[in-house]
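Trainee: Here it is, the structure in full.
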Amino acid sequence: MLGACACAPEQHLVGADRDAHGCIGSAGYTWSEAQGSCVRLWEEGIRLDPADAARETGAAYVVLSKDGTQAELFVPVKTRPPLLTRAFTPDGPYWTDSQHTWLLKRLPSGWECWQGERLLYTAPNPQDD
């Protein structure tokens, strides 16, 4: 005896993939603690390229809080983005995490992102038009 199922195929609605914060991943949004909202990294963030393209793949992004006191670092490795806190030196501002694992420097020439003693990502200042 054969039976038939008049079941409708499972449907996936575009944009129905909201995360716990309501961010729609399929539209490119991710939650940012620093901003307290859903952001698209390529729109809100600062793109940092690998310092050593032979060893690292993929860009990292930094999202700053509105007041600049916090920086959230999104790296290609799927880990929770570290939230860094700002401090100052005579050379300029920098942001670091509580374990001092990550260091983000704002230099006159651009940005540097370090993990421990290793420079991982850099970004030059944008050119003036």
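FYI, nothing fancy with the structure tokens labels: chains A, B, ... in order, residues from 1 per chain, ligands from 1 as they appear.
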From the DSSP assignment of the backbone, select every residue of chain A that is strand (DSSP E), and format the answer as a count of residues only.

Mentor: 52

Trainee: Counting only C-alpha atoms, which residues of segment 36-81 of chain A fall within 12 Å of segment 89-112 of chain A, and what is the closest atom pair for each with its distance in Å at one decimal, ordered by chain and rising number, as CSV?

Mentor:
```
residue,atom,partner,partner_atom,distance
A:Ile46,CA,A:Trp111,CA,9.1
A:Arg47,CA,A:Trp111,CA,9.6
A:Leu48,CA,A:Trp111,CA,7.6
A:Asp49,CA,A:Glu112,CA,9.6
A:Pro50,CA,A:Glu112,CA,10.0
A:Ala51,CA,A:Glu112,CA,8.7
A:Ala60,CA,A:Glu112,CA,11.1
A:Tyr61,CA,A:Trp111,CA,11.1
A:Val62,CA,A:Leu104,CA,9.0
A:Val63,CA,A:Leu104,CA,11.5
A:Leu64,CA,A:Trp95,CA,10.2
A:Ser65,CA,A:Trp95,CA,11.7
A:Gly68,CA,A:Trp95,CA,9.7
A:Thr69,CA,A:Trp95,CA,8.2
A:Gln70,CA,A:Trp95,CA,7.2
A:Ala71,CA,A:Trp95,CA,6.7
A:Glu72,CA,A:Trp95,CA,9.4
A:Leu73,CA,A:Leu104,CA,8.7
A:Phe74,CA,A:Trp102,CA,11.5
A:Val75,CA,A:Trp102,CA,11.2
A:Pro81,CA,A:Asp97,CA,10.6
```

Trainee: Output all heavy atoms for every residue in that selection, as a compact mmCIF listing (two decimals), in the first residue's frame.

Mentor:
```
# COMPACT_ATOMS: atom_id res chain seq x y z
N ILE A 46 35.52 50.11 10.57
CA ILE A 46 36.77 50.47 9.93
C ILE A 46 37.41 49.16 9.46
O ILE A 46 37.63 48.26 10.26
CB ILE A 46 37.71 51.18 10.92
CG1 ILE A 46 37.04 52.45 11.44
CG2 ILE A 46 39.06 51.47 10.28
CD1 ILE A 46 37.64 52.98 12.73
N ARG A 47 37.67 49.06 8.17
CA ARG A 47 38.24 47.83 7.62
C ARG A 47 39.74 47.80 7.87
O ARG A 47 40.45 48.76 7.57
CB ARG A 47 37.97 47.75 6.12
CG ARG A 47 38.54 46.49 5.51
CD ARG A 47 38.44 46.53 3.99
NE ARG A 47 39.22 45.46 3.42
CZ ARG A 47 38.70 44.40 2.82
NH1 ARG A 47 37.40 44.28 2.69
NH2 ARG A 47 39.49 43.47 2.33
N LEU A 48 40.20 46.69 8.45
CA LEU A 48 41.62 46.46 8.67
C LEU A 48 42.04 45.27 7.83
O LEU A 48 41.44 44.20 7.93
CB LEU A 48 41.89 46.17 10.15
CG LEU A 48 41.41 47.21 11.16
CD1 LEU A 48 41.61 46.70 12.57
CD2 LEU A 48 42.14 48.53 10.96
N ASP A 49 43.06 45.44 7.02
CA ASP A 49 43.54 44.36 6.17
C ASP A 49 44.69 43.62 6.86
O ASP A 49 45.40 44.18 7.70
CB ASP A 49 43.99 44.91 4.82
CG ASP A 49 42.82 45.40 4.00
OD1 ASP A 49 41.80 44.68 3.94
OD2 ASP A 49 42.91 46.50 3.43
N PRO A 50 44.89 42.35 6.49
CA PRO A 50 45.98 41.58 7.10
C PRO A 50 47.34 42.25 6.89
O PRO A 50 47.64 42.71 5.78
CB PRO A 50 45.92 40.23 6.38
CG PRO A 50 44.53 40.14 5.84
CD PRO A 50 44.13 41.55 5.53
N ALA A 51 48.13 42.31 7.93
CA ALA A 51 49.48 42.88 7.83
C ALA A 51 50.39 41.94 7.04
O ALA A 51 51.29 42.38 6.35
CB ALA A 51 50.05 43.13 9.22
N ALA A 60 39.58 42.29 9.02
CA ALA A 60 38.96 42.49 10.32
C ALA A 60 38.25 43.84 10.26
O ALA A 60 38.55 44.67 9.40
CB ALA A 60 40.00 42.48 11.42
N TYR A 61 37.30 44.04 11.15
CA TYR A 61 36.59 45.32 11.23
C TYR A 61 36.55 45.79 12.67
O TYR A 61 36.44 44.98 13.59
CB TYR A 61 35.15 45.18 10.71
CG TYR A 61 35.09 45.03 9.21
CD1 TYR A 61 35.17 43.77 8.63
CD2 TYR A 61 34.97 46.14 8.39
CE1 TYR A 61 35.13 43.62 7.26
CE2 TYR A 61 34.92 45.99 7.02
CZ TYR A 61 35.00 44.75 6.46
OH TYR A 61 34.96 44.59 5.09
N VAL A 62 36.64 47.10 12.84
CA VAL A 62 36.53 47.73 14.15
C VAL A 62 35.30 48.62 14.13
O VAL A 62 35.12 49.43 13.22
CB VAL A 62 37.77 48.58 14.47
CG1 VAL A 62 37.57 49.36 15.75
CG2 VAL A 62 39.01 47.71 14.56
N VAL A 63 34.44 48.45 15.14
CA VAL A 63 33.28 49.32 15.31
C VAL A 63 33.49 50.09 16.61
O VAL A 63 33.68 49.49 17.67
CB VAL A 63 31.97 48.50 15.37
CG1 VAL A 63 30.78 49.41 15.66
CG2 VAL A 63 31.76 47.74 14.07
N LEU A 64 33.50 51.41 16.50
CA LEU A 64 33.69 52.26 17.67
C LEU A 64 32.35 52.65 18.27
O LEU A 64 31.36 52.81 17.55
CB LEU A 64 34.44 53.54 17.28
CG LEU A 64 35.86 53.35 16.75
CD1 LEU A 64 36.41 54.68 16.25
CD2 LEU A 64 36.77 52.76 17.81
N SER A 65 32.33 52.81 19.59
CA SER A 65 31.13 53.34 20.24
C SER A 65 30.96 54.80 19.83
O SER A 65 31.89 55.43 19.32
CB SER A 65 31.26 53.21 21.77
OG SER A 65 32.36 53.98 22.23
N GLY A 68 33.51 56.90 21.32
CA GLY A 68 34.88 56.48 21.04
C GLY A 68 35.61 55.80 22.19
O GLY A 68 36.77 55.45 22.07
N THR A 69 34.94 55.60 23.32
CA THR A 69 35.61 55.00 24.47
C THR A 69 35.76 53.48 24.34
O THR A 69 36.58 52.89 25.03
CB THR A 69 34.86 55.30 25.78
OG1 THR A 69 33.53 54.78 25.68
CG2 THR A 69 34.84 56.80 26.06
N GLN A 70 34.97 52.86 23.46
CA GLN A 70 35.05 51.43 23.26
C GLN A 70 35.23 51.11 21.77
O GLN A 70 34.73 51.84 20.91
CB GLN A 70 33.81 50.72 23.77
CG GLN A 70 33.65 50.79 25.27
CD GLN A 70 32.44 50.01 25.72
OE1 GLN A 70 31.38 50.10 25.15
NE2 GLN A 70 32.63 49.22 26.77
N ALA A 71 35.96 50.04 21.52
CA ALA A 71 36.13 49.55 20.16
C ALA A 71 35.84 48.06 20.18
O ALA A 71 36.34 47.33 21.04
CB ALA A 71 37.55 49.80 19.67
N GLU A 72 35.03 47.61 19.26
CA GLU A 72 34.71 46.19 19.15
C GLU A 72 35.42 45.65 17.93
O GLU A 72 35.31 46.20 16.84
CB GLU A 72 33.20 46.02 19.02
CG GLU A 72 32.73 44.61 19.21
CD GLU A 72 31.23 44.54 19.36
OE1 GLU A 72 30.52 45.54 19.09
OE2 GLU A 72 30.73 43.47 19.75
N LEU A 73 36.15 44.58 18.12
CA LEU A 73 37.00 44.02 17.07
C LEU A 73 36.37 42.75 16.51
O LEU A 73 36.21 41.77 17.22
CB LEU A 73 38.39 43.73 17.64
CG LEU A 73 39.41 43.15 16.70
CD1 LEU A 73 39.67 44.09 15.53
CD2 LEU A 73 40.70 42.87 17.46
N PHE A 74 36.04 42.78 15.24
CA PHE A 74 35.47 41.63 14.54
C PHE A 74 36.56 41.04 13.65
O PHE A 74 36.96 41.66 12.66
CB PHE A 74 34.27 42.05 13.69
CG PHE A 74 33.09 42.51 14.49
CD1 PHE A 74 32.99 43.82 14.93
CD2 PHE A 74 32.07 41.62 14.82
CE1 PHE A 74 31.89 44.25 15.67
CE2 PHE A 74 30.98 42.03 15.57
CZ PHE A 74 30.89 43.35 15.98
N VAL A 75 37.06 39.87 14.02
CA VAL A 75 38.11 39.20 13.25
C VAL A 75 37.50 38.01 12.50
O VAL A 75 36.42 37.54 12.87
CB VAL A 75 39.26 38.74 14.17
CG1 VAL A 75 39.98 39.94 14.78
CG2 VAL A 75 38.78 37.81 15.25
N PRO A 81 33.38 38.82 19.49
CA PRO A 81 34.27 39.96 19.28
C PRO A 81 34.70 40.59 20.60
O PRO A 81 33.87 40.85 21.46
CB PRO A 81 33.41 40.95 18.49
CG PRO A 81 32.28 40.15 17.95
CD PRO A 81 32.08 39.01 18.89
```

Trainee: For the structure I just gave you, how does DSSP split chain A - specifically, which residues are helix (DSSP H, G or I)? Reply as a tab-separated table (two decimals) with C-alpha atoms, in the first residue's frame.

Mentor:
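To be explicit, this is the file written out as states33.tsv:
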```tsv
chain	number	residue	atom	x	y	z
A	25	GLY	CA	22.18	37.91	9.33
A	26	SER	CA	21.05	37.25	5.75
A	27	ALA	CA	20.91	41.03	5.24
A	41	LEU	CA	30.43	45.92	9.42
A	42	TRP	CA	31.39	47.25	5.99
A	43	GLU	CA	29.16	50.30	6.53
A	44	GLU	CA	29.78	51.13	10.21
```

Trainee: Between A:Cys23, A:Gly45, A:Glu56, A:Phe88, single out the one closest to Arg118 of chain A, counting only C-alpha atoms.

Mentor: A:Glu56

Trainee: Would you work out the distance separating atom CA of Asp17 of chain A from atom CA of Trp31 of chain A, expressed in Å to one decimal?

Mentor: 13.1 Å
